[in-house]
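> Just one file: query.cif, with mmCIF, C-alpha atoms.
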```cif
data_final
loop_
_atom_site.label_atom_id
_atom_site.label_comp_id
_atom_site.auth_asym_id
_atom_site.auth_seq_id
_atom_site.Cartn_x
_atom_site.Cartn_y
_atom_site.Cartn_z
CA MET A 10 -9.01 -9.15 -23.43
CA GLU A 11 -9.49 -7.12 -26.62
CA GLU A 12 -12.68 -9.05 -27.39
CA GLY A 13 -13.93 -8.81 -23.82
CA ASP A 14 -14.17 -12.61 -23.69
CA PHE A 15 -14.10 -13.39 -20.00
CA ASP A 16 -14.49 -17.17 -20.44
CA ARG A 17 -11.37 -17.44 -22.61
CA LEU A 18 -9.45 -15.25 -20.19
CA GLU A 19 -10.55 -17.50 -17.33
CA ASP A 20 -9.24 -20.56 -19.20
CA LEU A 21 -5.77 -18.99 -19.48
CA TRP A 22 -5.24 -18.85 -15.73
CA LEU A 23 -3.79 -21.78 -13.79
CA ASP A 24 -6.17 -23.76 -11.59
CA ASP A 25 -5.79 -23.03 -7.91
CA GLY A 26 -5.02 -26.67 -7.15
CA ALA A 27 -1.80 -26.34 -9.14
CA GLY A 28 -0.55 -23.35 -7.14
CA ASP A 29 -1.73 -19.93 -6.04
CA VAL A 30 -1.93 -17.48 -8.89
CA SER A 31 -1.12 -13.81 -8.39
CA CYS A 32 -1.74 -10.67 -10.42
CA VAL A 33 -0.67 -7.03 -10.25
CA HIS A 34 -2.41 -4.55 -12.55
CA PRO A 35 -0.61 -1.23 -13.19
CA GLY A 36 -0.70 0.77 -9.95
CA TRP A 37 -2.59 -1.94 -8.06
CA PRO A 38 -1.65 -3.99 -4.99
CA VAL A 39 -1.07 -7.76 -5.33
CA LEU A 40 -4.14 -9.90 -5.97
CA THR A 41 -3.85 -13.56 -4.92
CA GLY A 42 -5.88 -16.63 -5.83
CA ARG A 43 -8.03 -17.35 -8.86
CA ALA A 44 -11.24 -15.86 -7.47
CA GLU A 45 -9.69 -12.50 -6.60
CA VAL A 46 -7.73 -12.29 -9.85
CA LEU A 47 -10.69 -13.14 -12.08
CA ARG A 48 -12.93 -10.72 -10.20
CA SER A 49 -10.45 -7.93 -11.02
CA TYR A 50 -10.61 -8.73 -14.73
CA ALA A 51 -14.42 -8.73 -14.65
CA LEU A 52 -14.22 -5.31 -13.00
CA ILE A 53 -11.75 -3.97 -15.56
CA MET A 54 -13.84 -5.28 -18.43
CA ALA A 55 -16.94 -3.61 -16.97
CA HIS A 56 -15.09 -0.27 -17.00
CA THR A 57 -13.52 -0.70 -20.44
CA ASP A 58 -15.45 -0.25 -23.66
CA TYR A 59 -12.43 -0.46 -25.93
CA ILE A 60 -8.92 -1.81 -25.45
CA GLN A 61 -6.10 -2.69 -27.81
CA PHE A 62 -2.61 -4.03 -27.03
CA PHE A 63 0.49 -3.50 -29.16
CA LEU A 64 3.08 -5.88 -27.69
CA THR A 65 6.79 -5.33 -28.25
CA ASP A 66 10.09 -6.54 -26.75
CA THR A 67 8.67 -9.98 -25.99
CA ARG A 68 11.30 -12.22 -24.36
CA ILE A 69 10.91 -15.78 -23.13
CA SER A 70 13.05 -17.53 -20.54
CA LEU A 71 12.24 -21.24 -20.24
CA ALA A 72 13.18 -23.64 -17.44
CA GLY A 73 11.49 -27.04 -17.22
CA ASP A 74 7.76 -26.56 -16.89
CA THR A 75 7.99 -22.86 -16.13
CA ALA A 76 8.39 -19.97 -18.53
CA LEU A 77 8.91 -16.31 -17.84
CA VAL A 78 7.69 -13.90 -20.49
CA THR A 79 8.45 -10.20 -20.34
CA CYS A 80 7.04 -7.68 -22.76
CA THR A 81 6.15 -4.05 -23.30
CA GLU A 82 2.44 -3.34 -23.65
CA ASN A 83 1.48 -0.24 -25.59
CA ILE A 84 -2.16 0.02 -24.56
CA LEU A 85 -4.86 2.11 -26.16
CA SER A 86 -8.15 2.05 -24.29
CA GLY A 87 -11.34 3.92 -23.65
CA GLY A 88 -13.97 3.84 -20.92
CA PRO A 89 -17.72 4.01 -21.30
CA ALA A 90 -19.10 6.84 -23.40
CA GLU A 91 -20.52 9.94 -21.75
CA ASP A 92 -23.21 12.35 -22.85
CA GLY A 93 -24.38 10.22 -25.75
CA ALA A 94 -20.98 9.91 -27.41
CA GLU A 95 -20.18 6.63 -29.13
CA LEU A 96 -16.99 6.00 -27.14
CA GLY A 97 -15.22 7.54 -24.17
CA PRO A 98 -11.92 9.38 -24.69
CA LEU A 99 -9.04 7.10 -25.74
CA VAL A 100 -6.05 6.89 -23.42
CA GLY A 101 -2.59 5.64 -24.30
CA GLN A 102 -0.55 3.84 -21.67
CA LEU A 103 2.97 2.41 -21.62
CA VAL A 104 3.21 -0.67 -19.44
CA VAL A 105 5.76 -3.46 -18.90
CA ALA A 106 4.74 -6.93 -17.83
CA THR A 107 6.40 -10.00 -16.35
CA ASN A 108 4.37 -13.18 -16.78
CA ALA A 109 5.07 -16.60 -15.30
CA PHE A 110 3.52 -19.56 -17.13
CA ARG A 111 3.25 -23.20 -16.02
CA ARG A 112 3.07 -26.13 -18.40
CA THR A 113 0.01 -28.30 -17.67
CA PRO A 114 -1.55 -31.30 -19.45
CA GLU A 115 -3.98 -28.76 -20.99
CA GLY A 116 -1.21 -26.42 -22.16
CA TRP A 117 0.54 -23.37 -20.77
CA ARG A 118 -1.37 -21.49 -18.10
CA ILE A 119 -0.73 -18.14 -16.36
CA TRP A 120 0.74 -18.52 -12.89
CA SER A 121 1.54 -14.86 -12.31
CA HIS A 122 1.07 -11.58 -14.14
CA HIS A 123 2.70 -8.36 -12.96
CA ALA A 124 2.23 -5.19 -14.99
CA SER A 125 3.39 -1.68 -14.17
CA PRO A 126 3.51 1.77 -15.72
CA VAL A 127 6.77 2.94 -17.28
CA ILE A 128 7.58 6.37 -15.87
CA ALA A 129 11.22 6.74 -16.92
CA GLY A 130 12.52 6.30 -20.44
CA PRO A 131 14.86 3.37 -21.16
CA ASP A 132 17.73 5.76 -21.91
CA ASP A 133 17.54 7.70 -18.67
CA ASP A 134 20.68 7.09 -16.68
CA ALA A 135 19.14 7.72 -13.28
CA PRO A 136 16.28 6.14 -11.35
CA PRO A 137 12.87 7.83 -11.86
CA ALA A 138 12.65 8.62 -8.16
CA ALA A 139 15.05 9.34 -5.33
CA THR A 140 14.02 6.03 -3.83
CA ALA A 141 15.11 2.62 -4.96
CA ASP A 142 14.10 -0.97 -4.99
CA ASP A 143 15.42 -4.15 -3.42
CA ALA A 144 16.44 -7.51 -4.78
CA GLY A 145 13.61 -9.49 -3.21
CA PRO A 146 12.40 -10.66 0.14
CA SER A 147 15.80 -11.96 1.19
CA ALA A 148 17.35 -8.47 1.10
CA MET B 21 20.47 -3.79 -0.28
CA GLU B 22 20.12 -2.03 3.10
CA GLU B 23 23.83 -2.54 3.74
CA GLY B 24 24.81 -1.46 0.24
CA ASP B 25 26.62 -4.79 -0.22
CA PHE B 26 26.80 -5.17 -3.97
CA ASP B 27 28.74 -8.46 -3.87
CA ARG B 28 26.08 -10.21 -1.80
CA LEU B 29 23.38 -8.83 -4.06
CA GLU B 30 25.25 -10.14 -7.09
CA ASP B 31 25.37 -13.62 -5.53
CA LEU B 32 21.58 -13.68 -5.16
CA TRP B 33 20.97 -13.43 -8.91
CA LEU B 34 20.83 -16.49 -11.12
CA ASP B 35 23.76 -17.09 -13.46
CA ASP B 36 23.03 -16.26 -17.07
CA GLY B 37 23.85 -19.81 -18.14
CA ALA B 38 20.81 -21.03 -16.19
CA GLY B 39 18.40 -18.66 -17.93
CA ASP B 40 18.04 -14.99 -18.71
CA VAL B 41 17.24 -12.95 -15.65
CA SER B 42 14.98 -9.92 -15.83
CA CYS B 43 14.25 -7.02 -13.52
CA VAL B 44 11.77 -4.16 -13.37
CA HIS B 45 12.35 -1.41 -10.82
CA PRO B 46 9.34 0.78 -9.94
CA GLY B 47 8.51 2.93 -12.97
CA TRP B 48 11.32 1.45 -15.06
CA PRO B 49 11.27 -0.52 -18.31
CA VAL B 50 12.32 -4.19 -18.33
CA LEU B 51 16.03 -4.90 -17.84
CA THR B 52 17.27 -8.22 -19.22
CA GLY B 53 20.41 -10.25 -18.55
CA ARG B 54 22.74 -10.29 -15.56
CA ALA B 55 24.99 -7.46 -16.74
CA GLU B 56 22.17 -4.99 -17.33
CA VAL B 57 20.36 -5.91 -14.11
CA LEU B 58 23.45 -5.66 -11.92
CA ARG B 59 24.43 -2.35 -13.52
CA SER B 60 21.03 -0.94 -12.49
CA TYR B 61 21.60 -1.95 -8.87
CA ALA B 62 25.03 -0.34 -8.88
CA LEU B 63 23.40 2.84 -10.19
CA ILE B 64 20.63 2.76 -7.58
CA MET B 65 23.15 2.18 -4.80
CA ALA B 66 25.22 5.12 -6.03
CA HIS B 67 22.15 7.37 -5.72
CA THR B 68 20.98 6.01 -2.38
CA ASP B 69 22.60 6.93 0.92
CA TYR B 70 20.00 5.27 3.09
CA ILE B 71 17.37 2.63 2.42
CA GLN B 72 15.22 0.43 4.63
CA PHE B 73 12.60 -2.17 3.68
CA PHE B 74 9.61 -3.18 5.75
CA LEU B 75 8.22 -6.26 4.03
CA THR B 76 4.62 -7.38 4.57
CA ASP B 77 2.10 -9.72 2.90
CA THR B 78 4.82 -12.17 1.85
CA ARG B 79 3.34 -15.14 -0.03
CA ILE B 80 5.16 -18.08 -1.57
CA SER B 81 3.89 -20.33 -4.36
CA LEU B 82 6.16 -23.30 -4.98
CA ALA B 83 6.27 -25.61 -8.01
CA GLY B 84 9.20 -27.96 -8.48
CA ASP B 85 12.39 -25.94 -8.73
CA THR B 86 10.64 -22.61 -9.17
CA ALA B 87 9.11 -20.39 -6.50
CA LEU B 88 7.10 -17.22 -6.86
CA VAL B 89 7.25 -14.78 -3.97
CA THR B 90 5.00 -11.74 -3.80
CA CYS B 91 5.28 -9.10 -1.13
CA THR B 92 4.59 -5.49 -0.24
CA GLU B 93 7.66 -3.33 0.23
CA ASN B 94 7.26 -0.32 2.47
CA ILE B 95 10.44 1.54 1.56
CA LEU B 96 12.05 4.41 3.39
CA SER B 97 15.02 5.92 1.59
CA GLY B 98 17.13 8.99 1.20
CA GLY B 99 19.47 10.30 -1.46
CA PRO B 100 22.83 11.95 -0.99
CA ALA B 101 22.95 14.89 1.39
CA GLU B 102 22.91 18.42 0.05
CA ASP B 103 24.40 21.62 1.44
CA GLY B 104 26.42 19.89 4.13
CA ALA B 105 23.49 18.04 5.71
CA GLU B 106 24.15 14.59 7.12
CA LEU B 107 21.48 12.89 5.02
CA GLY B 108 19.17 13.85 2.16
CA PRO B 109 15.41 14.07 2.77
CA LEU B 110 13.77 10.72 3.53
CA VAL B 111 11.08 9.50 1.14
CA GLY B 112 8.48 6.81 1.84
CA GLN B 113 7.33 4.59 -0.99
CA LEU B 114 4.72 1.82 -1.26
CA VAL B 115 5.76 -0.86 -3.71
CA VAL B 116 4.59 -4.38 -4.57
CA ALA B 117 6.96 -7.02 -5.93
CA THR B 118 6.70 -10.34 -7.71
CA ASN B 119 9.88 -12.40 -7.54
CA ALA B 120 10.65 -15.66 -9.32
CA PHE B 121 13.34 -17.85 -7.76
CA ARG B 122 15.07 -20.93 -9.18
CA ARG B 123 16.50 -23.72 -7.07
CA THR B 124 20.17 -24.34 -7.94
CA PRO B 125 22.87 -26.55 -6.41
CA GLU B 126 24.06 -23.38 -4.62
CA GLY B 127 20.59 -22.54 -3.27
CA TRP B 128 17.69 -20.38 -4.43
CA ARG B 129 18.59 -17.64 -6.88
CA ILE B 130 16.58 -14.73 -8.31
CA TRP B 131 15.33 -15.38 -11.85
CA SER B 132 13.07 -12.34 -12.08
CA HIS B 133 12.16 -9.34 -9.95
CA HIS B 134 9.31 -7.00 -10.87
CA ALA B 135 8.45 -4.14 -8.54
CA SER B 136 5.91 -1.36 -9.07
CA PRO B 137 4.39 1.57 -7.20
CA VAL B 138 0.97 1.12 -5.61
CA ILE B 139 -1.25 3.99 -6.71
CA ALA B 140 -4.70 2.69 -5.69
CA GLY B 141 -5.58 1.39 -2.25
CA PRO B 142 -6.52 -2.29 -1.86
CA ASP B 143 -10.12 -1.36 -0.94
CA ASP B 144 -10.79 0.77 -4.00
CA ASP B 145 -13.45 -0.86 -6.13
CA ALA B 146 -12.36 0.65 -9.42
CA PRO B 147 -9.13 0.57 -11.41
CA PRO B 148 -6.76 3.46 -10.67
CA ALA B 149 -6.93 4.59 -14.29
CA ALA B 150 -9.45 4.49 -17.09
CA THR B 151 -7.15 2.08 -18.86
CA ALA B 152 -6.69 -1.57 -18.06
CA ASP B 153 -4.26 -4.39 -18.33
CA ASP B 154 -4.14 -7.65 -20.22
CA ALA B 155 -3.63 -11.23 -19.21
CA GLY B 156 -0.25 -11.67 -20.85
CA PRO B 157 1.24 -11.94 -24.30
CA SER B 158 -1.40 -14.36 -25.51
CA ALA B 159 -4.17 -11.78 -25.11
#
```
Would you encode the structure as structure tokens?


Amino acid sequence: MEEGDFDRLEDLWLDDGAGDVSCVHPGWPVLTGRAEVLRSYALIMAHTDYIQFFLTDTRISLAGDTALVTCTENILSGGPAEDGAELGPLVGQLVVATNAFRRTPEGWRIWSHHASPVIAGPDDDAPPAATADDAGPSA
Amino acid sequence: MEEGDFDRLEDLWLDDGAGDVSCVHPGWPVLTGRAEVLRSYALIMAHTDYIQFFLTDTRISLAGDTALVTCTENILSGGPAEDGAELGPLVGQLVVATNAFRRTPEGWRIWSHHASPVIAGPDDDAPPAATADDAGPSA
């Protein structure tokens, strides 16, 4: 992603035959299927001239041929330059991600990626909004 | 969740012995482990007098003993009443969730829940922010 290498990014994602992939970028709705997911990355890359990830808090939970990886992404990025400048203004962003990986004969591949902005600090003792969240579709 | 039944919610989550659970509420950092996750739900329930979920776009991707479920959560909720009113003001919220479930002898249990606010509409053709997102920890 940092090198803008779309082909390598494409290789990381699970083939559709092995299960539907899904992806949520920060603030986005759910994208489903390889074509839709890869199109979104092409779009993001087209709008991003510079991007750097500082990953922290990486945790892995492994079960059989599936792994869940959570991490914090401290992202520094910049869009296209304006008015002849060399680079657009840099923006910092604090994001958390949950990634599901599947083990394949070719190695681990991304089955699902869900990233979202962190609005509340980890030490806040109350939800960031008056509203709340459920425990999944069976709630 | 709608009935505020903490015990039933607790039963839905995977036991720690079978793998570390993780949970991201909208705008929150990652919570890891059963104790931390369940504490967050107790906190949310304490701040929520009313909550209702309208789930749409539910999609399931199944692989062996793991299932990924994505959905859109249209949430209507209200906090505690103020000044003698019967109910606090109701707030609508548009959230998307990715849930990982594990099959156990007792049935399917939640391994991971990641929910986040939708800021851009699904028909927008540009990212909601100048910044972007990566493809996981291997980026």

> Record the distance separating atom CA of B:Tyr70 and atom CA of B:Ser97, expressed in Å with one decimal.

5.2 Å

> The PyMOL selection byres ((chain A and resi 25-36) around 6) on the file shown: which residues, as a list of chain:residue names?

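Given this file, the PyMOL selection byres ((chain A and resi 25-36) around 6) evaluates to A:Asp24, A:Trp37, A:Val39, A:Leu40, A:Thr41, A:Gly42, A:Trp120, A:Ser121, A:His122, A:His123, A:Ala124, A:Ser125, A:Pro126, B:Ser81, B:Pro137, B:Val138, B:Ile139.
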
> List, as a list in words, every residue that the PyMOL selection byres ((chain A and resi 98) around 6) selects in the file provided.

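Selected by the PyMOL selection byres ((chain A and resi 98) around 6) in this file: Gly87, Gly97 and Leu99 of chain A.
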
> Output the coordinates of chain B after least-squares fitting to chain A on all in-order C-alpha pairs, as an mmCIF file with C-alpha atoms, keeping the file's coordinate frame.


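Output saved as part16.cif:
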```cif
data_model
loop_
_atom_site.group_PDB
_atom_site.id
_atom_site.type_symbol
_atom_site.label_atom_id
_atom_site.label_comp_id
_atom_site.auth_asym_id
_atom_site.auth_seq_id
_atom_site.Cartn_x
_atom_site.Cartn_y
_atom_site.Cartn_z
ATOM 1 C CA MET B 21 -9.001 -9.148 -23.416
ATOM 2 C CA GLU B 22 -9.488 -7.101 -26.613
ATOM 3 C CA GLU B 23 -12.658 -9.054 -27.370
ATOM 4 C CA GLY B 24 -13.927 -8.809 -23.806
ATOM 5 C CA ASP B 25 -14.170 -12.617 -23.690
ATOM 6 C CA PHE B 26 -14.097 -13.381 -19.995
ATOM 7 C CA ASP B 27 -14.486 -17.156 -20.436
ATOM 8 C CA ARG B 28 -11.381 -17.435 -22.605
ATOM 9 C CA LEU B 29 -9.459 -15.267 -20.175
ATOM 10 C CA GLU B 30 -10.548 -17.511 -17.316
ATOM 11 C CA ASP B 31 -9.234 -20.563 -19.191
ATOM 12 C CA LEU B 32 -5.775 -18.999 -19.490
ATOM 13 C CA TRP B 33 -5.248 -18.862 -15.722
ATOM 14 C CA LEU B 34 -3.796 -21.772 -13.800
ATOM 15 C CA ASP B 35 -6.158 -23.754 -11.584
ATOM 16 C CA ASP B 36 -5.768 -23.031 -7.899
ATOM 17 C CA GLY B 37 -5.007 -26.680 -7.177
ATOM 18 C CA ALA B 38 -1.776 -26.333 -9.170
ATOM 19 C CA GLY B 39 -0.542 -23.343 -7.172
ATOM 20 C CA ASP B 40 -1.733 -19.948 -6.051
ATOM 21 C CA VAL B 41 -1.922 -17.488 -8.894
ATOM 22 C CA SER B 42 -1.132 -13.822 -8.391
ATOM 23 C CA CYS B 43 -1.729 -10.683 -10.409
ATOM 24 C CA VAL B 44 -0.675 -7.048 -10.247
ATOM 25 C CA HIS B 45 -2.404 -4.571 -12.544
ATOM 26 C CA PRO B 46 -0.604 -1.253 -13.159
ATOM 27 C CA GLY B 47 -0.686 0.759 -9.928
ATOM 28 C CA TRP B 48 -2.577 -1.945 -8.039
ATOM 29 C CA PRO B 49 -1.641 -4.003 -4.984
ATOM 30 C CA VAL B 50 -1.060 -7.761 -5.322
ATOM 31 C CA LEU B 51 -4.143 -9.908 -5.949
ATOM 32 C CA THR B 52 -3.853 -13.554 -4.905
ATOM 33 C CA GLY B 53 -5.870 -16.640 -5.821
ATOM 34 C CA ARG B 54 -8.031 -17.375 -8.847
ATOM 35 C CA ALA B 55 -11.233 -15.866 -7.457
ATOM 36 C CA GLU B 56 -9.692 -12.509 -6.586
ATOM 37 C CA VAL B 57 -7.730 -12.289 -9.841
ATOM 38 C CA LEU B 58 -10.686 -13.153 -12.059
ATOM 39 C CA ARG B 59 -12.927 -10.718 -10.181
ATOM 40 C CA SER B 60 -10.449 -7.928 -11.009
ATOM 41 C CA TYR B 61 -10.620 -8.747 -14.718
ATOM 42 C CA ALA B 62 -14.407 -8.726 -14.627
ATOM 43 C CA LEU B 63 -14.229 -5.291 -12.998
ATOM 44 C CA ILE B 64 -11.734 -3.966 -15.549
ATOM 45 C CA MET B 65 -13.837 -5.288 -18.420
ATOM 46 C CA ALA B 66 -16.921 -3.609 -16.966
ATOM 47 C CA HIS B 67 -15.080 -0.264 -17.007
ATOM 48 C CA THR B 68 -13.517 -0.697 -20.434
ATOM 49 C CA ASP B 69 -15.441 -0.240 -23.667
ATOM 50 C CA TYR B 70 -12.431 -0.454 -25.928
ATOM 51 C CA ILE B 71 -8.925 -1.802 -25.452
ATOM 52 C CA GLN B 72 -6.098 -2.689 -27.812
ATOM 53 C CA PHE B 73 -2.612 -4.031 -27.054
ATOM 54 C CA PHE B 74 0.483 -3.503 -29.149
ATOM 55 C CA LEU B 75 3.068 -5.864 -27.692
ATOM 56 C CA THR B 76 6.795 -5.322 -28.262
ATOM 57 C CA ASP B 77 10.096 -6.536 -26.765
ATOM 58 C CA THR B 78 8.671 -9.984 -25.999
ATOM 59 C CA ARG B 79 11.296 -12.222 -24.371
ATOM 60 C CA ILE B 80 10.903 -15.782 -23.144
ATOM 61 C CA SER B 81 13.055 -17.540 -20.549
ATOM 62 C CA LEU B 82 12.247 -21.231 -20.250
ATOM 63 C CA ALA B 83 13.175 -23.643 -17.448
ATOM 64 C CA GLY B 84 11.506 -27.034 -17.254
ATOM 65 C CA ASP B 85 7.770 -26.565 -16.883
ATOM 66 C CA THR B 86 7.976 -22.865 -16.103
ATOM 67 C CA ALA B 87 8.383 -19.973 -18.527
ATOM 68 C CA LEU B 88 8.891 -16.301 -17.837
ATOM 69 C CA VAL B 89 7.675 -13.893 -20.493
ATOM 70 C CA THR B 90 8.445 -10.190 -20.338
ATOM 71 C CA CYS B 91 7.032 -7.675 -22.758
ATOM 72 C CA THR B 92 6.131 -4.043 -23.299
ATOM 73 C CA GLU B 93 2.430 -3.331 -23.628
ATOM 74 C CA ASN B 94 1.489 -0.237 -25.574
ATOM 75 C CA ILE B 95 -2.157 0.031 -24.559
ATOM 76 C CA LEU B 96 -4.857 2.120 -26.149
ATOM 77 C CA SER B 97 -8.149 2.077 -24.277
ATOM 78 C CA GLY B 98 -11.340 3.934 -23.648
ATOM 79 C CA GLY B 99 -13.958 3.896 -20.925
ATOM 80 C CA PRO B 100 -17.709 4.025 -21.308
ATOM 81 C CA ALA B 101 -19.096 6.851 -23.409
ATOM 82 C CA GLU B 102 -20.508 9.935 -21.749
ATOM 83 C CA ASP B 103 -23.227 12.332 -22.868
ATOM 84 C CA GLY B 104 -24.394 10.171 -25.745
ATOM 85 C CA ALA B 105 -20.992 9.869 -27.431
ATOM 86 C CA GLU B 106 -20.178 6.604 -29.165
ATOM 87 C CA LEU B 107 -17.000 5.991 -27.178
ATOM 88 C CA GLY B 108 -15.244 7.562 -24.197
ATOM 89 C CA PRO B 109 -11.934 9.389 -24.709
ATOM 90 C CA LEU B 110 -9.060 7.116 -25.742
ATOM 91 C CA VAL B 111 -6.057 6.919 -23.421
ATOM 92 C CA GLY B 112 -2.586 5.639 -24.314
ATOM 93 C CA GLN B 113 -0.555 3.853 -21.679
ATOM 94 C CA LEU B 114 2.979 2.416 -21.613
ATOM 95 C CA VAL B 115 3.205 -0.666 -19.441
ATOM 96 C CA VAL B 116 5.756 -3.437 -18.886
ATOM 97 C CA ALA B 117 4.735 -6.939 -17.822
ATOM 98 C CA THR B 118 6.396 -9.994 -16.350
ATOM 99 C CA ASN B 119 4.365 -13.170 -16.772
ATOM 100 C CA ALA B 120 5.065 -16.601 -15.315
ATOM 101 C CA PHE B 121 3.506 -19.562 -17.123
ATOM 102 C CA ARG B 122 3.251 -23.199 -16.027
ATOM 103 C CA ARG B 123 3.075 -26.125 -18.412
ATOM 104 C CA THR B 124 0.019 -28.299 -17.676
ATOM 105 C CA PRO B 125 -1.541 -31.285 -19.456
ATOM 106 C CA GLU B 126 -3.984 -28.753 -20.970
ATOM 107 C CA GLY B 127 -1.211 -26.419 -22.168
ATOM 108 C CA TRP B 128 0.544 -23.361 -20.757
ATOM 109 C CA ARG B 129 -1.368 -21.486 -18.083
ATOM 110 C CA ILE B 130 -0.730 -18.147 -16.352
ATOM 111 C CA TRP B 131 0.750 -18.537 -12.863
ATOM 112 C CA SER B 132 1.537 -14.866 -12.309
ATOM 113 C CA HIS B 133 1.065 -11.579 -14.136
ATOM 114 C CA HIS B 134 2.694 -8.357 -12.948
ATOM 115 C CA ALA B 135 2.232 -5.198 -14.988
ATOM 116 C CA SER B 136 3.388 -1.673 -14.154
ATOM 117 C CA PRO B 137 3.505 1.782 -15.716
ATOM 118 C CA VAL B 138 6.767 2.951 -17.273
ATOM 119 C CA ILE B 139 7.606 6.372 -15.869
ATOM 120 C CA ALA B 140 11.262 6.733 -16.936
ATOM 121 C CA GLY B 141 12.533 6.242 -20.463
ATOM 122 C CA PRO B 142 14.917 3.345 -21.172
ATOM 123 C CA ASP B 143 17.779 5.775 -21.931
ATOM 124 C CA ASP B 144 17.560 7.699 -18.675
ATOM 125 C CA ASP B 145 20.701 7.142 -16.652
ATOM 126 C CA ALA B 146 19.148 7.749 -13.259
ATOM 127 C CA PRO B 147 16.289 6.144 -11.349
ATOM 128 C CA PRO B 148 12.913 7.833 -11.867
ATOM 129 C CA ALA B 149 12.670 8.593 -8.156
ATOM 130 C CA ALA B 150 15.058 9.299 -5.327
ATOM 131 C CA THR B 151 14.013 5.996 -3.832
ATOM 132 C CA ALA B 152 15.104 2.579 -4.974
ATOM 133 C CA ASP B 153 14.082 -1.010 -5.013
ATOM 134 C CA ASP B 154 15.374 -4.180 -3.433
ATOM 135 C CA ALA B 155 16.387 -7.536 -4.779
ATOM 136 C CA GLY B 156 13.535 -9.498 -3.253
ATOM 137 C CA PRO B 157 12.365 -10.681 0.127
ATOM 138 C CA SER B 158 15.799 -11.876 1.161
ATOM 139 C CA ALA B 159 17.229 -8.350 1.055
#
```

> Which of these residues is nearest to B:Gly112, using all atoms listed in the file: B:Glu126, B:Asp77, B:Asp25, B:Glu93?

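The shortest atom-to-atom distance to B:Gly112 comes from B:Glu93.
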
> From the list B:Cys91, B:Met21, B:Leu107, B:Leu34, which residue is nearest A:Pro38 when using only C-alpha atoms?

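Comparing B:Cys91, B:Met21, B:Leu107, B:Leu34 against A:Pro38, the winner is B:Cys91.
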
> Between A:Ile53, A:Pro89, A:Phe110, A:Glu45, which is the closest to chain B once you count all atoms listed in the file?

A:Ile53

> What is the distance, in Å and to one decimal place, between atom CA of A:Ile69 and atom CA of A:Ala106?

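Rounded to one decimal, the two atoms are 12.0 Å apart.
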
> I'd like the interatomic distance between atom CA of A:Ser49 and atom CA of A:Ile119, to a tenth of an Å.

15.1 Å

> Residues at most 9 Å from A:Thr67, counting only C-alpha atoms, excluding those fewer than 3 positions away in the same chain, as a ChimeraX atom specification?

/A:64,78-81 /B:157

> List the spatial neighbours of A:Ile84 as a list in words - criterion: any atom at most 8 Å away, all atoms listed in the file, same-chain residues fewer than 2 positions off excluded.

Ile60, Gln61, Phe62, Phe63, Glu82, Ser86, Val100, Gly101, Gln102, Leu103 and Val104 of chain A; Thr151 and Asp153 of chain B

> Restricting the calculation to all atoms listed in the file, which member of B:Leu63, B:Ala55, B:Asp31, B:Phe26 is positioned closest to chain A?

B:Leu63

> For A:Ala109, which residue out of B:Leu82, B:Ala105, B:Leu88, B:Leu58 is the nearest one, using only C-alpha atoms?

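Of the candidates, the smallest distance to A:Ala109 is held by B:Leu88.
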
> Taking all atoms of stretch 63-72 of chain A that the file lists and extending 3 Å past them on each side, where is the centre of the axis-aligned box and how long are its edges? Answer in Å to one decimal, as AutoDock Vina command-line options.


```
--center_x 6.8 --center_y -13.6 --center_z -23.3 --size_x 18.7 --size_y 26.1 --size_z 17.7
```

> Residues within 12 Å of (-12.1, -16.3, -21.5), file coordinates, counting all atoms listed in the file: what are they? Give the list as a list in words.

Met10, Glu11, Glu12, Gly13, Asp14, Phe15, Asp16, Arg17, Leu18, Glu19, Asp20, Leu21, Trp22, Leu47, Tyr50, Ala51 and Met54 of chain A; Asp154, Ala155, Ser158 and Ala159 of chain B

> Put those residues in a file: C-alpha atoms, as a CSV table (one decimal), in the frame of the given file.


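Writing done, so here's out_35.csv:
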```csv
chain,number,residue,atom,x,y,z
A,10,MET,CA,-9.0,-9.2,-23.4
A,11,GLU,CA,-9.5,-7.1,-26.6
A,12,GLU,CA,-12.7,-9.0,-27.4
A,13,GLY,CA,-13.9,-8.8,-23.8
A,14,ASP,CA,-14.2,-12.6,-23.7
A,15,PHE,CA,-14.1,-13.4,-20.0
A,16,ASP,CA,-14.5,-17.2,-20.4
A,17,ARG,CA,-11.4,-17.4,-22.6
A,18,LEU,CA,-9.4,-15.2,-20.2
A,19,GLU,CA,-10.6,-17.5,-17.3
A,20,ASP,CA,-9.2,-20.6,-19.2
A,21,LEU,CA,-5.8,-19.0,-19.5
A,22,TRP,CA,-5.2,-18.8,-15.7
A,47,LEU,CA,-10.7,-13.1,-12.1
A,50,TYR,CA,-10.6,-8.7,-14.7
A,51,ALA,CA,-14.4,-8.7,-14.6
A,54,MET,CA,-13.8,-5.3,-18.4
B,154,ASP,CA,-4.1,-7.6,-20.2
B,155,ALA,CA,-3.6,-11.2,-19.2
B,158,SER,CA,-1.4,-14.4,-25.5
B,159,ALA,CA,-4.2,-11.8,-25.1
```
